[in-house]
Every structure is written in C-alpha cells, then in structure tokens.
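Raw contents of upload31.txt, compact mmCIF, C-alpha atoms and all ligand atoms:
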```
# COMPACT_ATOMS: atom_id res chain seq x y z
CA MET A 262 -13.96 -13.55 -28.80
CA LYS A 263 -16.73 -11.27 -27.65
CA ILE A 264 -19.37 -10.41 -30.25
CA LYS A 265 -19.90 -6.68 -30.02
CA SER A 266 -21.85 -6.22 -33.24
CA ALA A 267 -23.40 -8.39 -35.93
CA GLU A 268 -25.11 -6.85 -38.94
CA PHE A 269 -26.67 -8.24 -42.07
CA ILE A 270 -24.95 -6.67 -45.08
CA MET A 271 -26.41 -8.18 -48.25
CA SER A 272 -27.78 -11.21 -50.09
CA ASN A 273 -26.46 -12.15 -53.49
CA SER A 274 -26.57 -14.78 -56.17
CA ASP A 275 -23.61 -13.21 -57.94
CA VAL A 276 -20.18 -13.54 -56.39
CA GLU A 277 -18.98 -10.48 -58.29
CA LYS A 278 -21.45 -8.37 -56.33
CA CYS A 279 -20.41 -9.58 -52.89
CA PRO A 280 -18.75 -6.98 -50.60
CA LYS A 281 -15.55 -5.65 -52.15
CA SER A 282 -13.78 -5.08 -48.85
CA ARG A 283 -10.81 -7.29 -48.04
CA LEU A 284 -12.08 -8.21 -44.59
CA PRO A 285 -11.39 -11.81 -43.60
CA GLU A 286 -14.31 -14.07 -44.35
CA TYR A 287 -15.61 -17.40 -43.02
CA ALA A 288 -18.29 -19.40 -44.87
CA PHE A 289 -20.71 -22.02 -43.62
CA ILE A 290 -21.62 -24.75 -46.04
CA GLY A 291 -23.29 -28.15 -45.81
CA ARG A 292 -26.42 -30.05 -46.65
CA SER A 293 -29.78 -28.33 -46.49
CA ASN A 294 -31.19 -28.32 -42.98
CA VAL A 295 -27.88 -29.22 -41.32
CA GLY A 296 -28.07 -26.03 -39.26
CA LYS A 297 -25.87 -23.44 -41.01
CA SER A 298 -28.12 -20.46 -40.38
CA SER A 299 -28.88 -21.57 -36.81
CA LEU A 300 -25.17 -21.84 -36.11
CA ILE A 301 -24.59 -18.28 -37.33
CA ASN A 302 -27.27 -17.09 -34.91
CA MET A 303 -25.79 -19.12 -32.08
CA LEU A 304 -22.24 -17.85 -32.71
CA THR A 305 -23.39 -14.24 -32.81
CA ASN A 306 -25.88 -14.54 -29.91
CA ARG A 307 -28.67 -13.29 -32.18
CA LYS A 308 -32.01 -15.06 -32.43
CA SER A 309 -32.78 -14.33 -36.04
CA LEU A 310 -29.86 -12.66 -37.75
CA ALA A 311 -29.83 -15.50 -40.30
CA LYS A 312 -33.16 -16.96 -41.36
CA THR A 313 -33.75 -20.55 -40.29
CA SER A 314 -36.48 -23.05 -41.03
CA GLY A 315 -37.47 -26.64 -40.33
CA ARG A 316 -37.98 -27.01 -44.08
CA PRO A 317 -34.79 -27.60 -46.03
CA GLY A 318 -33.88 -25.12 -48.74
CA LYS A 319 -34.47 -21.98 -46.66
CA THR A 320 -31.24 -20.15 -47.49
CA GLN A 321 -31.03 -19.63 -51.24
CA LEU A 322 -28.47 -16.87 -51.61
CA ILE A 323 -25.00 -15.90 -50.43
CA ASN A 324 -25.59 -13.86 -47.26
CA HIS A 325 -22.90 -11.63 -45.78
CA PHE A 326 -22.88 -10.61 -42.14
CA LEU A 327 -20.39 -8.12 -40.72
CA ILE A 328 -19.13 -9.07 -37.27
CA ASN A 329 -17.43 -6.63 -34.87
CA LYS A 330 -17.00 -4.36 -37.90
CA ASN A 331 -13.92 -6.30 -38.96
CA TRP A 332 -14.77 -9.73 -40.38
CA HIS A 333 -17.51 -11.43 -42.38
CA LEU A 334 -19.57 -14.52 -41.73
CA VAL A 335 -21.21 -15.99 -44.81
CA ASP A 336 -24.37 -18.08 -44.80
CA LEU A 337 -24.65 -20.20 -47.94
CA PRO A 338 -27.49 -22.28 -49.41
CA GLY A 339 -27.38 -25.97 -48.61
CA TYR A 340 -26.42 -28.59 -51.14
CA GLY A 341 -28.14 -31.91 -51.74
CA TYR A 342 -31.71 -30.81 -51.37
CA ALA A 343 -33.81 -33.14 -53.52
CA ARG A 344 -36.94 -31.00 -53.74
CA VAL A 345 -35.26 -28.09 -55.49
CA SER A 346 -35.78 -28.25 -59.26
CA LYS A 347 -32.90 -29.44 -61.43
CA SER A 348 -32.34 -26.06 -63.04
CA SER A 349 -32.23 -24.16 -59.76
CA LYS A 350 -29.94 -26.84 -58.34
CA LYS A 351 -27.55 -26.14 -61.22
CA THR A 352 -27.70 -22.40 -60.57
CA PHE A 353 -26.93 -22.97 -56.87
CA GLN A 354 -24.05 -25.24 -57.67
CA LYS A 355 -22.70 -22.70 -60.06
CA PHE A 356 -22.70 -19.82 -57.65
CA ILE A 357 -21.45 -21.90 -54.76
CA THR A 358 -18.50 -23.12 -56.84
CA GLN A 359 -17.91 -19.56 -58.06
CA TYR A 360 -18.02 -18.34 -54.49
CA PHE A 361 -15.30 -20.76 -53.42
CA ASN A 362 -13.21 -20.25 -56.54
CA LEU A 363 -13.34 -16.47 -56.62
CA ARG A 364 -13.62 -15.27 -53.06
CA GLU A 365 -10.04 -14.45 -52.17
CA GLN A 366 -11.08 -13.05 -48.79
CA LEU A 367 -12.20 -16.49 -47.65
CA VAL A 368 -9.93 -17.57 -44.82
CA THR A 369 -11.54 -20.93 -44.23
CA ALA A 370 -14.77 -22.78 -44.89
CA PHE A 371 -16.72 -24.63 -42.23
CA VAL A 372 -18.34 -27.77 -43.59
CA LEU A 373 -21.28 -28.66 -41.38
CA VAL A 374 -22.41 -32.23 -40.86
CA ASP A 375 -25.21 -33.51 -38.66
CA ILE A 376 -23.57 -35.46 -35.81
CA ARG A 377 -26.39 -38.05 -35.90
CA HIS A 378 -25.74 -39.28 -39.43
CA ASN A 379 -23.10 -41.54 -40.85
CA PRO A 380 -20.73 -39.90 -43.33
CA GLN A 381 -22.68 -39.15 -46.51
CA PRO A 382 -21.07 -39.36 -49.96
CA ILE A 383 -22.20 -35.84 -50.84
CA ASP A 384 -20.34 -34.36 -47.84
CA LEU A 385 -17.23 -36.44 -48.45
CA GLU A 386 -17.26 -35.42 -52.12
CA PHE A 387 -17.63 -31.78 -51.21
CA MET A 388 -14.66 -31.96 -48.82
CA GLN A 389 -12.69 -33.69 -51.55
CA TRP A 390 -13.57 -30.88 -53.94
CA LEU A 391 -12.43 -28.25 -51.43
CA GLY A 392 -9.17 -30.15 -50.96
CA GLU A 393 -8.55 -30.37 -54.68
CA HIS A 394 -9.15 -26.62 -55.01
CA GLY A 395 -6.82 -25.80 -52.14
CA ILE A 396 -9.58 -24.34 -49.99
CA PRO A 397 -8.93 -24.80 -46.27
CA PHE A 398 -11.82 -26.12 -44.22
CA SER A 399 -12.82 -27.37 -40.81
CA ILE A 400 -15.68 -29.71 -40.03
CA ILE A 401 -18.45 -28.59 -37.71
CA PHE A 402 -20.60 -31.34 -36.25
CA THR A 403 -24.06 -29.87 -35.58
CA LYS A 404 -27.03 -30.80 -33.37
CA ALA A 405 -24.88 -32.35 -30.62
CA ASP A 406 -27.80 -31.82 -28.22
CA LYS A 407 -29.52 -34.71 -29.96
CA LEU A 408 -26.98 -37.32 -28.82
CA LYS A 409 -25.50 -38.49 -25.53
CA PRO A 410 -21.75 -37.89 -25.02
CA MET A 411 -20.85 -41.54 -25.71
CA ALA A 412 -22.78 -41.53 -28.98
CA ILE A 413 -21.09 -38.27 -29.99
CA LYS A 414 -17.73 -39.87 -29.43
CA LYS A 415 -18.68 -42.89 -31.49
CA HIS A 416 -20.03 -40.84 -34.40
CA VAL A 417 -16.91 -38.66 -34.48
CA ASN A 418 -14.72 -41.78 -34.43
CA ASP A 419 -16.70 -43.35 -37.29
CA TYR A 420 -16.37 -40.14 -39.26
CA GLN A 421 -12.67 -40.05 -38.63
CA THR A 422 -12.23 -43.64 -39.81
CA ILE A 423 -13.89 -42.88 -43.13
CA LEU A 424 -12.08 -39.59 -43.65
CA LEU A 425 -8.72 -41.18 -43.01
CA GLU A 426 -9.32 -43.39 -46.03
CA SER A 427 -8.82 -40.36 -48.26
CA TRP A 428 -7.13 -37.75 -46.03
CA GLU A 429 -3.74 -38.04 -44.38
CA GLU A 430 -5.09 -36.58 -41.19
CA MET A 431 -8.42 -35.75 -39.67
CA PRO A 432 -9.38 -32.19 -40.60
CA ASN A 433 -9.78 -29.78 -37.72
CA TYR A 434 -13.25 -30.27 -36.24
CA PHE A 435 -15.73 -28.80 -33.76
CA ILE A 436 -18.72 -30.26 -31.94
CA THR A 437 -21.58 -27.79 -31.67
CA SER A 438 -25.21 -27.32 -30.77
CA SER A 439 -27.18 -24.25 -31.69
CA SER A 440 -29.78 -25.26 -29.11
CA ASN A 441 -27.50 -25.08 -26.10
CA GLY A 442 -24.49 -23.11 -27.31
CA VAL A 443 -21.97 -25.96 -27.15
CA GLY A 444 -18.93 -25.17 -29.29
CA GLN A 445 -19.49 -21.41 -29.47
CA ASP A 446 -16.25 -20.52 -27.66
CA ASP A 447 -14.24 -23.04 -29.65
CA VAL A 448 -15.40 -21.83 -33.06
CA LEU A 449 -15.14 -18.14 -32.17
CA GLY A 450 -11.72 -18.71 -30.58
CA TYR A 451 -10.53 -20.40 -33.75
CA ILE A 452 -11.78 -17.54 -35.93
CA GLU A 453 -10.11 -15.04 -33.62
CA GLU A 454 -6.83 -16.90 -33.90
CA LEU A 455 -7.03 -16.92 -37.70
CA ASN A 456 -8.00 -13.23 -37.80
CA GLU A 457 -4.87 -12.37 -35.83
CA ASN A 458 -2.55 -14.17 -38.26
P1 LIG B 1 -30.89 -24.40 -45.39
O1 LIG B 1 -30.80 -22.93 -45.33
O2 LIG B 1 -32.23 -24.88 -45.77
O3 LIG B 1 -29.80 -25.03 -46.18
O4 LIG B 1 -30.74 -24.99 -43.87
P2 LIG B 1 -29.69 -24.61 -42.74
O5 LIG B 1 -28.51 -25.51 -42.84
O6 LIG B 1 -29.41 -23.15 -42.71
O7 LIG B 1 -30.49 -25.07 -41.42
P3 LIG B 1 -31.27 -24.16 -40.37
O8 LIG B 1 -30.31 -23.40 -39.52
O9 LIG B 1 -32.34 -23.41 -41.05
O10 LIG B 1 -31.86 -25.30 -39.40
C1 LIG B 1 -32.64 -26.36 -39.91
C2 LIG B 1 -33.44 -26.98 -38.78
O11 LIG B 1 -32.59 -27.63 -37.84
C3 LIG B 1 -34.27 -25.98 -37.98
O12 LIG B 1 -35.49 -26.57 -37.64
C4 LIG B 1 -33.41 -25.74 -36.74
O13 LIG B 1 -34.17 -25.36 -35.60
C5 LIG B 1 -32.80 -27.12 -36.53
N1 LIG B 1 -31.49 -27.00 -35.86
C6 LIG B 1 -30.42 -26.30 -36.29
N2 LIG B 1 -29.39 -26.42 -35.44
C7 LIG B 1 -29.81 -27.22 -34.44
C8 LIG B 1 -29.19 -27.73 -33.23
O14 LIG B 1 -28.01 -27.48 -32.92
N3 LIG B 1 -29.95 -28.55 -32.47
C9 LIG B 1 -31.22 -28.88 -32.78
N4 LIG B 1 -31.87 -29.70 -31.96
N5 LIG B 1 -31.85 -28.42 -33.89
C10 LIG B 1 -31.15 -27.60 -34.70
MG MG B 2 -29.92 -21.69 -44.02
```
Written as structure tokens, that's how I'd like the structure from this file.
Amino acid sequence: MKIKSAEFIMSNSDVEKCPKSRLPEYAFIGRSNVGKSSLINMLTNRKSLAKTSGRPGKTQLINHFLINKNWHLVDLPGYGYARVSKSSKKTFQKFITQYFNLREQLVTAFVLVDIRHNPQPIDLEFMQWLGEHGIPFSIIFTKADKLKPMAIKKHVNDYQTILLESWEEMPNYFITSSSNGVGQDDVLGYIEELNEN
C-alpha cells in the first residue's frame, strides 16, 4: 500500500470522544518504549507524525491518525511503565481497556514486543486478555536492527514456544525495524488486505 496522506486527527483520554466515523482502525499497543510511535512514523514515512522519545512514558493519550483519508492508525500509551504513579497507571489502564472494549471500528490490534527480550509476563497476560475479549491481534517484533538474522530467528522461535503453551497456534507476526524500514511492506500489505475485506 502506498501512503498518500497521513494526518494527526486528535488526542484523547476518553474513548467516547474518539472519532465517530466508522473507518477501519488499527491500534498499536505494547510496553513503554517498545517503539509504537516510531513504528507509526516508519509505516507512514513521516519523521515525526507520532511523538517518540528515549524516555518511556512519552505517549499518554489515545492518538488518532487518518491515513489515505480512509483508515485510522492509533498510537496508544505503553503499559508496564514503573515510573508512572499508581493513580495515573490506573487511569491509563482504564482508558486502554475501555478503548479495546468499546471501539467497534477496531479491525485488529498490533501488540509490539522488543525482539531482543524474552517473553515478558506482562505481554503474555495482555495477549491473553485480548484473546479472552475476542479482540484479534498480531504480534509485531520491533527493533530488529539490533540483532543479527540468526538471533532474530532464535528469539522468534523462543517466543513461539512459550506462546504455544497457551495458544493453539502462533498468532500472526511481523518482524520490523523503524530504523531501517524492515517490515513496512508486510504490515502495510496486511492492513490493506484487511481493509479490502
Ligand atoms: P511510549 O510512548 O513511551 O510508550 O513509547 P513507544 O512505544 O511509543 O516508543 P518510541 O517510539 O517513543 O521509541 C522508544 C525508543 O526506542 C526511542 O528512543 C526510539 O528511537 C527507539 N526505537 C524505536 N523503534 C526502534 C527501532 O526499530 N530500532 C531502534 N534501534 N530503536 C528504536
Ligand atoms: Mg509512544
């Protein structure tokens, strides 16, 4: 899919106030600092459409971006960031759960995990939660530029082994790098396919 336009629409902490249009929507979720906002920039070929930072906890709201005037990308705050206060963590969790429970336009979620790390309980629990709520998702491995191809293979295999303990099959997954653009065609091609159905 060719990106012809990518515009920021709005930021929100209230799901009820998110865009009312019925355009198909794709949300990026994962631990703080995993690279959600960077991936949105990479996919859309924009340097700073979504705000990124080396410090975790940068994205704090639900951010809607309109792509090619006919679908939405959504940048969400990260989960599992220890330095956020308990009360704001609760607020985040509340609006993230509300987002996933209420947003009927959501076609699929992309759960991002850092390719360098072993499967973390918080990510596995989140995927479990999505499964229990009937929310389709794919996994996006990020920061693939940080590992050699053999190590990537090994990390994906390890991930698969752990996931297959609780899932019947390995969820759909993508290997990406926002630094060198790896995975851009695959993710955009997948979204295009879903948009056509
Ligand atoms: P929060 O909004 O805080 O939840 O973080 P986020 O998941 O949106 O992460 P963000 O895109 O802000 O990136 C976090 C850090 O990781 C930044 O320093 C990015 O430059 C870096 N980063 C993101 N993607 C990649 C990647 O593919 N490769 C490398 N090497 N660094 C990356
Ligand atoms: Mg972010």
Point-to-point distance in Å for atom CA of Arg364 of chain A and atom CA of Ser282 of chain A: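 Separating atom CA of Ser282 of chain A from atom CA of Arg364 of chain A is a distance of 11.0 Å.
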Within 7 Å of ligand LIG 1 (chain B), which residues show up when you count only C-alpha atoms and all ligand atoms? List them as a PyMOL selection string, please. chain A and resi 291-300+312-321+338-340+403-407+437-440
Writer output for current selection, C-alpha atoms, as a short mmCIF file (atom, residue, chain, number, x, y, z; two decimals), in the coordinates of the input:
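That gives us out.cif:
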```cif
data_model
loop_
_atom_site.label_atom_id
_atom_site.label_comp_id
_atom_site.auth_asym_id
_atom_site.auth_seq_id
_atom_site.Cartn_x
_atom_site.Cartn_y
_atom_site.Cartn_z
CA GLY A 291 -23.29 -28.15 -45.81
CA ARG A 292 -26.42 -30.05 -46.65
CA SER A 293 -29.78 -28.33 -46.49
CA ASN A 294 -31.19 -28.32 -42.98
CA VAL A 295 -27.88 -29.22 -41.32
CA GLY A 296 -28.07 -26.03 -39.26
CA LYS A 297 -25.87 -23.44 -41.01
CA SER A 298 -28.12 -20.46 -40.38
CA SER A 299 -28.88 -21.57 -36.81
CA LEU A 300 -25.17 -21.84 -36.11
CA LYS A 312 -33.16 -16.96 -41.36
CA THR A 313 -33.75 -20.55 -40.29
CA SER A 314 -36.48 -23.05 -41.03
CA GLY A 315 -37.47 -26.64 -40.33
CA ARG A 316 -37.98 -27.01 -44.08
CA PRO A 317 -34.79 -27.60 -46.03
CA GLY A 318 -33.88 -25.12 -48.74
CA LYS A 319 -34.47 -21.98 -46.66
CA THR A 320 -31.24 -20.15 -47.49
CA GLN A 321 -31.03 -19.63 -51.24
CA PRO A 338 -27.49 -22.28 -49.41
CA GLY A 339 -27.38 -25.97 -48.61
CA TYR A 340 -26.42 -28.59 -51.14
CA THR A 403 -24.06 -29.87 -35.58
CA LYS A 404 -27.03 -30.80 -33.37
CA ALA A 405 -24.88 -32.35 -30.62
CA ASP A 406 -27.80 -31.82 -28.22
CA LYS A 407 -29.52 -34.71 -29.96
CA THR A 437 -21.58 -27.79 -31.67
CA SER A 438 -25.21 -27.32 -30.77
CA SER A 439 -27.18 -24.25 -31.69
CA SER A 440 -29.78 -25.26 -29.11
#
```
Closest of A:Phe371, A:Trp428, A:Phe402, A:Phe356 to Tyr451 of chain A - atom-to-atom distances counting all atoms listed in the file: A:Phe371
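Here atom CA of Glu457 of chain A is placed at a distance of 17.0 Å from atom CA of Ala370 of chain A.
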May I ask which of the residues A:Pro285, A:Gln445, A:Glu429, A:Asn324 is the closest one to Gly392 of chain A, counting all atoms listed in the file?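 Closest to Gly392 of chain A, using all atoms listed in the file: A:Glu429.
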Separation of atom CA of Ala288 of chain A and atom CA of Leu373 of chain A, in Å? 10.3 Å
Starting from the point (-14.6, -4.5, -38.0), work out which residues of protein, DNA or RNA have an atom no more than 12 Å away when counting all atoms listed in the file; state them as JSON, numbers by chain. {"A": [264, 265, 266, 267, 268, 282, 283, 284, 285, 286, 326, 327, 328, 329, 330, 331, 332, 333, 334, 456]}
Using only C-alpha atoms and all ligand atoms, the shortest atom-to-atom distance to ligand MG 2 (chain B) among A:Leu304, A:Ala311, A:Gly341, A:Met431 belongs to A:Ala311
Excluding Ile400 of chain A and any residue of its chain fewer than 4 positions from it, enumerate the residues within 7 Å of it, using only C-alpha atoms, and give them as a ChimeraX atom specification. /A:371-373,432-435
Please provide as a PyMOL selection string all residues within 8 Å of Ser272 of chain A, with the sequence filter that same-chain residues fewer than 5 positions apart are discarded (counting all atoms listed in the file). chain A and resi 322-325
When you count only C-alpha atoms, which of these residues is closest to Glu454 of chain A: A:Ile301, A:Met411, A:Val368, A:Val276?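 So, comparing all the options, the nearest one is A:Val368.
Minimum atom-to-atom distances from A:Asp446, A:Asp336, A:Glu365, A:Glu426 to Gln389 of chain A were compared using all atoms listed in the file, and the lowest value belongs to A:Glu426.
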So, counting all atoms listed in the file, which residue among A:Leu425, A:Met303, A:Ile290, A:Cys279 is closest to Asn441 of chain A? A:Met303
Starting from the sparse input, extend segment 424-444 of chain A to N, CA and C atoms and give the output as a short mmCIF file (atom, residue, chain, number, x, y, z; two decimals), keeping the file's coordinate frame.
```cif
data_model
loop_
_atom_site.label_atom_id
_atom_site.label_comp_id
_atom_site.auth_asym_id
_atom_site.auth_seq_id
_atom_site.Cartn_x
_atom_site.Cartn_y
_atom_site.Cartn_z
N LEU A 424 -12.88 -40.67 -43.07
CA LEU A 424 -12.08 -39.59 -43.65
C LEU A 424 -10.63 -40.00 -43.84
N LEU A 425 -10.13 -40.79 -42.93
CA LEU A 425 -8.72 -41.18 -43.01
C LEU A 425 -8.44 -42.13 -44.17
N GLU A 426 -9.52 -42.60 -44.82
CA GLU A 426 -9.32 -43.39 -46.03
C GLU A 426 -8.85 -42.50 -47.18
N SER A 427 -9.24 -41.21 -47.15
CA SER A 427 -8.82 -40.36 -48.26
C SER A 427 -7.99 -39.15 -47.82
N TRP A 428 -7.93 -38.88 -46.51
CA TRP A 428 -7.13 -37.75 -46.03
C TRP A 428 -6.01 -38.28 -45.15
N GLU A 429 -4.87 -37.58 -45.20
CA GLU A 429 -3.74 -38.04 -44.38
C GLU A 429 -4.01 -37.85 -42.89
N GLU A 430 -4.71 -36.78 -42.58
CA GLU A 430 -5.09 -36.58 -41.19
C GLU A 430 -6.51 -36.07 -41.09
N MET A 431 -7.06 -36.22 -39.90
CA MET A 431 -8.42 -35.75 -39.67
C MET A 431 -8.42 -34.22 -39.74
N PRO A 432 -9.30 -33.65 -40.59
CA PRO A 432 -9.38 -32.19 -40.60
C PRO A 432 -9.75 -31.69 -39.20
N ASN A 433 -9.39 -30.44 -38.95
CA ASN A 433 -9.78 -29.78 -37.72
C ASN A 433 -11.31 -29.89 -37.57
N TYR A 434 -11.80 -30.18 -36.37
CA TYR A 434 -13.25 -30.27 -36.24
C TYR A 434 -13.78 -29.71 -34.92
N PHE A 435 -15.06 -29.38 -34.93
CA PHE A 435 -15.73 -28.80 -33.76
C PHE A 435 -17.05 -29.53 -33.54
N ILE A 436 -17.42 -29.67 -32.28
CA ILE A 436 -18.72 -30.26 -31.94
C ILE A 436 -19.60 -29.13 -31.41
N THR A 437 -20.77 -28.96 -32.03
CA THR A 437 -21.58 -27.79 -31.67
C THR A 437 -23.06 -28.15 -31.50
N SER A 438 -23.75 -27.26 -30.81
CA SER A 438 -25.21 -27.32 -30.77
C SER A 438 -25.73 -25.90 -30.74
N SER A 439 -26.59 -25.58 -31.67
CA SER A 439 -27.18 -24.25 -31.69
C SER A 439 -28.28 -24.14 -30.64
N SER A 440 -28.74 -25.28 -30.13
CA SER A 440 -29.78 -25.26 -29.11
C SER A 440 -29.22 -24.88 -27.74
N ASN A 441 -28.01 -25.38 -27.44
CA ASN A 441 -27.50 -25.08 -26.10
C ASN A 441 -26.15 -24.35 -26.09
N GLY A 442 -25.70 -23.95 -27.25
CA GLY A 442 -24.49 -23.11 -27.31
C GLY A 442 -23.17 -23.86 -27.24
N VAL A 443 -23.23 -25.19 -27.19
CA VAL A 443 -21.97 -25.96 -27.15
C VAL A 443 -21.13 -25.62 -28.38
N GLY A 444 -19.85 -25.40 -28.17
CA GLY A 444 -18.93 -25.17 -29.29
C GLY A 444 -18.76 -23.70 -29.67
#
```
